[in-house]
Amino acid sequence: MSGIAAAAPAVHAHHDDRSFIRKYIFSTDHKIIGIQFLFVSLFFLFLGGLLAMQIRWQLGYPGRPMPGGGILPETMAPGGVILPEYYIQLVTMHGTFMVFFAIMPLLVGVFANYLIPLKIGAHDMAFPRINMWSFWSAFTGGLVMFASLFVPEGAARAGWTMYAPLSARHDLSGAGLGQELWSISIVLLGLSSILGSLNYITTIINNRTPGMTWFRLPLSVWALFITAILGLLALPVLSGAAIMLLFEQILGTHFFDPAAGGQVLLWQHLFWFFGHPEVYILILPAMGMVSDIVANGSRKPIFGYHSMVFALVGIGFLGWVVWGHHMFMSGMNPTLGSTFMVTTMIISVPSAIKVFNWMGTMWRGNLRFHVPMLNAIGFVAMFVIGGLSGVFMAATPVDMPIHDTYFIVAHIHYVLFGGSLFALFGAITFWYPNMFGKMMNERWGKIHFWLTMLFFNLTFFPMHILGMGGHMRRIYDPTQYNFLKPYQPMNTFITIAAFALFASQLIFALNFILSLRWGKKAPLNPWEDNGLEWTLPTPPPHGNWDRPPTVYRGPYEYSAPQVAEDYLPQAKKLPTDREPAAAPVAGH
Amino acid sequence: MSWWLPLQGSTFAPQIDGLFIAILIITGLAFVIVEAGLIWFVIKYRGRPGRKGHYTHGSAKAEVIWTAIPAVTVVALGLVSNHYWKEIKGRDSIPADAYPIGIHAKQFEWQVTYPGPDGQLGTADDFTVRNQLHVPVGRNIVVVLTSEDVVHSFWVPVLRVKQDAVPGMTIRAWFQATVPGEYELGCAELCGMGHYRMRARVFIHTPAEFTAWMQQQIQGGATS
């Protein structure tokens, strides 16, 4: 026992003799797999953004040739003018790429893989090879989805929600092979998530280092744990539904065809039974990482740690009984509508608890406005708007006019962009030094944050007004309707703001790429954080620790009176600390 | 351009809008509290060198307060909403005297079937008009929605009525129009590449006008 200095990193000294392919391509190292997910999903994030820009062009300037649109084939945009059949592919693939291949893998693929072992003091995932397959399965799925853009008749055309029978029959949608490729890709993605979730759950239960009790887990790990449970139970439903859809498309089964005894609403129930837990898969990890960053940036323990955990667990349960709120107008029995309204109203409570606890954490703090903290505060500020706008559509009578309008588009973007993506900007900046040993540029990070905040709101806030006016989603040309013609200036305004928003993201992309080479070298523990991951050199070596670290306290002991500094790492032994019991599972 | 909700053209439009405004006030209050709080904390507790944060792990009292207040509020909202929901969409809500109009949605048009002089759908004197919905004010109307091919959604903003039309299902939705005029009906559910042009004109007539229009249709039908 070396007393206070016991936190010195104990790392692998042996030479790493894996070949390049084993080390970087077919790697079983959770950190490399996380980084693989990072690069691939950032590509899809960019692609999804490019598709959104084309959607916005058409809505802002209907029927006008798109600048640069000349490179698109005649079947999509002759002379640069977007065709209706291409437009519905755009909305379908924007949603698909963003939900399944950008936000979900960024939150879970990247951060569950990268953070869980490092934050719980494990050498790697419980099943490193399954973990590798999880990445390659998602990668193949992404490749198939990407390829579907280039087949004859182009990509899928039924919206990312793939409502049958439109999605099931080419004669109704005009789509071709792209529709089948969508189903195949989703099955592969589902497989990836199931394998990944199994791994995260097992790792968190079994591989915690001595002293890392359940209530000393960082909230990021708690959130990823609940997310993994949701993923493990929800993705099989999506995969099953996608396989049924594939059978419908290629074998002529009639699961969703009422003329042959099928049920149209069956697809909607299956899809949303997956789809609503999916919504929480897309936000819980963001909430977890924001909790870590807000505590760090406030230099204070997280306010109400146990409430935060119970709120996550509560969402984990309630998330299963709210799917019907996507179907209030579907013709489902209205009494079910009442039931789902009540459950949906109740699920807003845990989210409210989390917001108030983040504010409680900042209260009487000593705030450091580093780039991750700015983005975390941005997350709280924007998530609140997305959460509150959800109350409108939860109230079934109010949902009548706003269902399937731009009000919903505004809502989902406040949650997924204002929420999840701001959290991701914060999280990527926060753990970048750990991943790559370099810091991202602080000044450009701040410029990116402020521009994004401004143009995000200019883009998405007016969509609430459009939705109140009745503007439907997924319509190619709003000027077809007299009642929407007066809104055209607002659509044009939104389009200009969206272009500026997209351009602002190039700052982040450049900062990310250029810092890999030219970034300032990261010091040990650059954010003065308490997490175990910062006791290692950056980037941490394969296998992370030689000897598992020992944990003496919870993750949020900032400004503790026992020490002079305003942080107290989990692995730092004070003279008053006792050694914890042995590892929770023998043979760790 | 309107920055607000469209004209209230049905009997339950004021109820729905009233609920909308109530939720806007409640959520607006929450919004102001949270955003103002954030800005206040960001300014007041900005970091200064040599200072530490206040070392606390939370407060059970605070947790109870900010769990209970949102919980009570949303449950109350749910109860109020459910009252209107049952009146508007409940299975038993459709008035017995409602005048039936059949609407068959197909890619990419609305086939509107009127019951003719006998006031009954499914009889020989029914007649169908493409992409025109004519209804009288002050009378309960029930639209009987069916679909030929894919899911469509019947959406008339001024009436605040939205209801999906689903293949294999017959779905009824009722309303009573209050303001005569010409409006629009749109499809609110992505139904294929012509989704954006699946539009119909909606004519809300005074009773006399409606009778005259009906007469004209019947005679026109008889002469053809």
# chains A, B, ... in the order shown; residues from 1 in each chain; ligands from 1
call {"tool": "select_by_dssp", "arguments": {"residues": "range 189-239 of chain A", "states": "alpha helix (DSSP H)", "output": "ChimeraX atom specification"}}
result
/A:189-206,219-239
call {"tool": "residues_around", "arguments": {"residues": "range 72-88 of chain B", "least_positions_apart": "2", "cutoff": "7 Å", "atoms": "only C-alpha atoms", "output": "NGL selection string"}}
result
(:A and (338 or 341-342 or 345-346 or 395-397)) or (:B and (68-70 or 90 or 93))
call {"tool": "write_last_selection", "arguments": {"atoms": "N, CA and C atoms", "output": "mmCIF file, in the first residue's frame"}}
result
data_model
loop_
_atom_site.group_PDB
_atom_site.id
_atom_site.type_symbol
_atom_site.label_atom_id
_atom_site.label_comp_id
_atom_site.auth_asym_id
_atom_site.auth_seq_id
_atom_site.Cartn_x
_atom_site.Cartn_y
_atom_site.Cartn_z
ATOM 1 N N SER A 338 -56.835 6.197 -24.836
ATOM 2 C CA SER A 338 -56.859 6.749 -23.475
ATOM 3 C C SER A 338 -55.760 6.135 -22.621
ATOM 4 N N MET A 341 -52.388 7.353 -23.610
ATOM 5 C CA MET A 341 -52.203 8.749 -23.226
ATOM 6 C C MET A 341 -51.741 8.836 -21.773
ATOM 7 N N VAL A 342 -52.367 8.073 -20.903
ATOM 8 C CA VAL A 342 -52.006 8.153 -19.486
ATOM 9 C C VAL A 342 -50.566 7.680 -19.271
ATOM 10 N N MET A 345 -48.218 10.348 -20.548
ATOM 11 C CA MET A 345 -48.132 11.484 -19.635
ATOM 12 C C MET A 345 -47.190 11.140 -18.474
ATOM 13 N N ILE A 346 -47.319 9.909 -17.957
ATOM 14 C CA ILE A 346 -46.533 9.537 -16.782
ATOM 15 C C ILE A 346 -45.041 9.446 -17.109
ATOM 16 N N ALA A 395 -51.456 14.509 -25.417
ATOM 17 C CA ALA A 395 -52.879 14.776 -25.163
ATOM 18 C C ALA A 395 -53.654 14.439 -26.440
ATOM 19 N N THR A 396 -54.379 13.336 -26.401
ATOM 20 C CA THR A 396 -54.993 12.810 -27.634
ATOM 21 C C THR A 396 -55.823 13.837 -28.423
ATOM 22 N N PRO A 397 -56.638 14.688 -27.775
ATOM 23 C CA PRO A 397 -57.416 15.608 -28.609
ATOM 24 C C PRO A 397 -56.515 16.594 -29.353
ATOM 25 N N ALA B 68 -43.445 15.303 -7.588
ATOM 26 C CA ALA B 68 -44.889 15.369 -7.373
ATOM 27 C C ALA B 68 -45.569 16.394 -8.272
ATOM 28 N N ILE B 69 -44.964 17.572 -8.423
ATOM 29 C CA ILE B 69 -45.643 18.622 -9.195
ATOM 30 C C ILE B 69 -45.853 18.206 -10.659
ATOM 31 N N PRO B 70 -44.793 17.761 -11.357
ATOM 32 C CA PRO B 70 -45.050 17.314 -12.736
ATOM 33 C C PRO B 70 -46.022 16.135 -12.783
ATOM 34 N N GLY B 90 -64.434 8.794 -29.168
ATOM 35 C CA GLY B 90 -64.894 7.569 -28.523
ATOM 36 C C GLY B 90 -65.840 6.763 -29.415
ATOM 37 N N SER B 93 -69.296 7.947 -29.342
ATOM 38 C CA SER B 93 -69.495 9.400 -29.408
ATOM 39 C C SER B 93 -70.271 9.822 -30.648
#
call {"tool": "closest_residue", "arguments": {"among": "B:Asp92, B:Glu209, B:Glu35, B:Glu148", "to": "chain A", "atoms": "only C-alpha atoms"}}
result
B:Glu35
call {"tool": "atom_distance", "arguments": {"atom1": "CA of Ala175 in chain A", "atom2": "CA of Gly194 in chain B"}}
result
13.2 Å
call {"tool": "residues_around", "arguments": {"residues": "range 49-66 of chain B", "least_positions_apart": "6", "cutoff": "8 Å", "atoms": "only C-alpha atoms", "output": "PyMOL selection string"}}
result
chain A and resi 298-305+307+352-353+356+360+364-366+558-561+566
call {"tool": "write_last_selection", "arguments": {"atoms": "N, CA and C atoms", "output": "PDB file, in the first residue's frame"}}
result
ATOM      1  N   SER A 298     -19.641  21.404 -13.461  1.00  0.00           N
ATOM      2  CA  SER A 298     -20.128  22.195 -12.323  1.00  0.00           C
ATOM      3  C   SER A 298     -19.214  22.065 -11.125  1.00  0.00           C
ATOM      4  N   ARG A 299     -18.262  21.121 -11.181  1.00  0.00           N
ATOM      5  CA  ARG A 299     -17.363  20.818 -10.051  1.00  0.00           C
ATOM      6  C   ARG A 299     -18.182  20.529  -8.801  1.00  0.00           C
ATOM      7  N   LYS A 300     -19.210  19.731  -8.963  1.00  0.00           N
ATOM      8  CA  LYS A 300     -20.110  19.392  -7.847  1.00  0.00           C
ATOM      9  C   LYS A 300     -20.566  17.951  -8.017  1.00  0.00           C
ATOM     10  N   PRO A 301     -20.867  17.250  -6.931  1.00  0.00           N
ATOM     11  CA  PRO A 301     -21.478  15.934  -7.082  1.00  0.00           C
ATOM     12  C   PRO A 301     -22.800  16.068  -7.840  1.00  0.00           C
ATOM     13  N   ILE A 302     -23.155  15.027  -8.593  1.00  0.00           N
ATOM     14  CA  ILE A 302     -24.439  15.078  -9.276  1.00  0.00           C
ATOM     15  C   ILE A 302     -25.527  15.179  -8.213  1.00  0.00           C
ATOM     16  N   PHE A 303     -26.503  16.014  -8.479  1.00  0.00           N
ATOM     17  CA  PHE A 303     -27.589  16.225  -7.514  1.00  0.00           C
ATOM     18  C   PHE A 303     -28.550  15.033  -7.620  1.00  0.00           C
ATOM     19  N   GLY A 304     -28.824  14.376  -6.503  1.00  0.00           N
ATOM     20  CA  GLY A 304     -29.818  13.288  -6.508  1.00  0.00           C
ATOM     21  C   GLY A 304     -29.423  12.092  -7.353  1.00  0.00           C
ATOM     22  N   TYR A 305     -28.215  11.545  -7.092  1.00  0.00           N
ATOM     23  CA  TYR A 305     -27.735  10.398  -7.870  1.00  0.00           C
ATOM     24  C   TYR A 305     -28.761   9.269  -7.907  1.00  0.00           C
ATOM     25  N   SER A 307     -32.022   9.347  -7.420  1.00  0.00           N
ATOM     26  CA  SER A 307     -33.179   9.730  -8.237  1.00  0.00           C
ATOM     27  C   SER A 307     -32.863   9.572  -9.714  1.00  0.00           C
ATOM     28  N   ALA A 352     -38.585  14.856 -16.417  1.00  0.00           N
ATOM     29  CA  ALA A 352     -38.597  16.109 -15.661  1.00  0.00           C
ATOM     30  C   ALA A 352     -37.643  16.013 -14.476  1.00  0.00           C
ATOM     31  N   ILE A 353     -37.670  14.860 -13.791  1.00  0.00           N
ATOM     32  CA  ILE A 353     -36.776  14.668 -12.637  1.00  0.00           C
ATOM     33  C   ILE A 353     -35.327  14.868 -13.056  1.00  0.00           C
ATOM     34  N   PHE A 356     -34.481  18.604 -13.639  1.00  0.00           N
ATOM     35  CA  PHE A 356     -34.328  19.360 -12.394  1.00  0.00           C
ATOM     36  C   PHE A 356     -33.042  18.969 -11.663  1.00  0.00           C
ATOM     37  N   GLY A 360     -30.088  21.194 -10.477  1.00  0.00           N
ATOM     38  CA  GLY A 360     -29.628  21.115  -9.086  1.00  0.00           C
ATOM     39  C   GLY A 360     -28.125  20.926  -9.011  1.00  0.00           C
ATOM     40  N   ARG A 364     -25.135  26.442  -7.260  1.00  0.00           N
ATOM     41  CA  ARG A 364     -24.008  26.652  -6.344  1.00  0.00           C
ATOM     42  C   ARG A 364     -22.766  25.870  -6.757  1.00  0.00           C
ATOM     43  N   GLY A 365     -22.624  25.653  -8.049  1.00  0.00           N
ATOM     44  CA  GLY A 365     -21.400  25.033  -8.538  1.00  0.00           C
ATOM     45  C   GLY A 365     -20.333  26.074  -8.795  1.00  0.00           C
ATOM     46  N   ASN A 366     -19.241  25.622  -9.396  1.00  0.00           N
ATOM     47  CA  ASN A 366     -18.169  26.539  -9.802  1.00  0.00           C
ATOM     48  C   ASN A 366     -17.921  26.221 -11.276  1.00  0.00           C
ATOM     49  N   TYR A 558     -16.801  15.716  -6.543  1.00  0.00           N
ATOM     50  CA  TYR A 558     -16.152  16.980  -6.864  1.00  0.00           C
ATOM     51  C   TYR A 558     -16.291  17.919  -5.680  1.00  0.00           C
ATOM     52  N   SER A 559     -15.290  18.761  -5.484  1.00  0.00           N
ATOM     53  CA  SER A 559     -15.288  19.742  -4.392  1.00  0.00           C
ATOM     54  C   SER A 559     -15.473  19.088  -3.024  1.00  0.00           C
ATOM     55  N   ALA A 560     -14.971  17.842  -2.891  1.00  0.00           N
ATOM     56  CA  ALA A 560     -15.094  17.166  -1.593  1.00  0.00           C
ATOM     57  C   ALA A 560     -14.175  17.847  -0.594  1.00  0.00           C
ATOM     58  N   PRO A 561     -14.617  17.946   0.665  1.00  0.00           N
ATOM     59  CA  PRO A 561     -13.817  18.682   1.656  1.00  0.00           C
ATOM     60  C   PRO A 561     -12.522  17.947   2.060  1.00  0.00           C
ATOM     61  N   ASP A 566     -10.456  20.265  -6.378  1.00  0.00           N
ATOM     62  CA  ASP A 566     -11.920  20.169  -6.413  1.00  0.00           C
ATOM     63  C   ASP A 566     -12.396  18.894  -7.096  1.00  0.00           C
TER      64      ASP A 566
END
call {"tool": "atom_distance", "arguments": {"atom1": "CA of Gln8 in chain B", "atom2": "CA of Gln176 in chain B"}}
result
11.3 Å
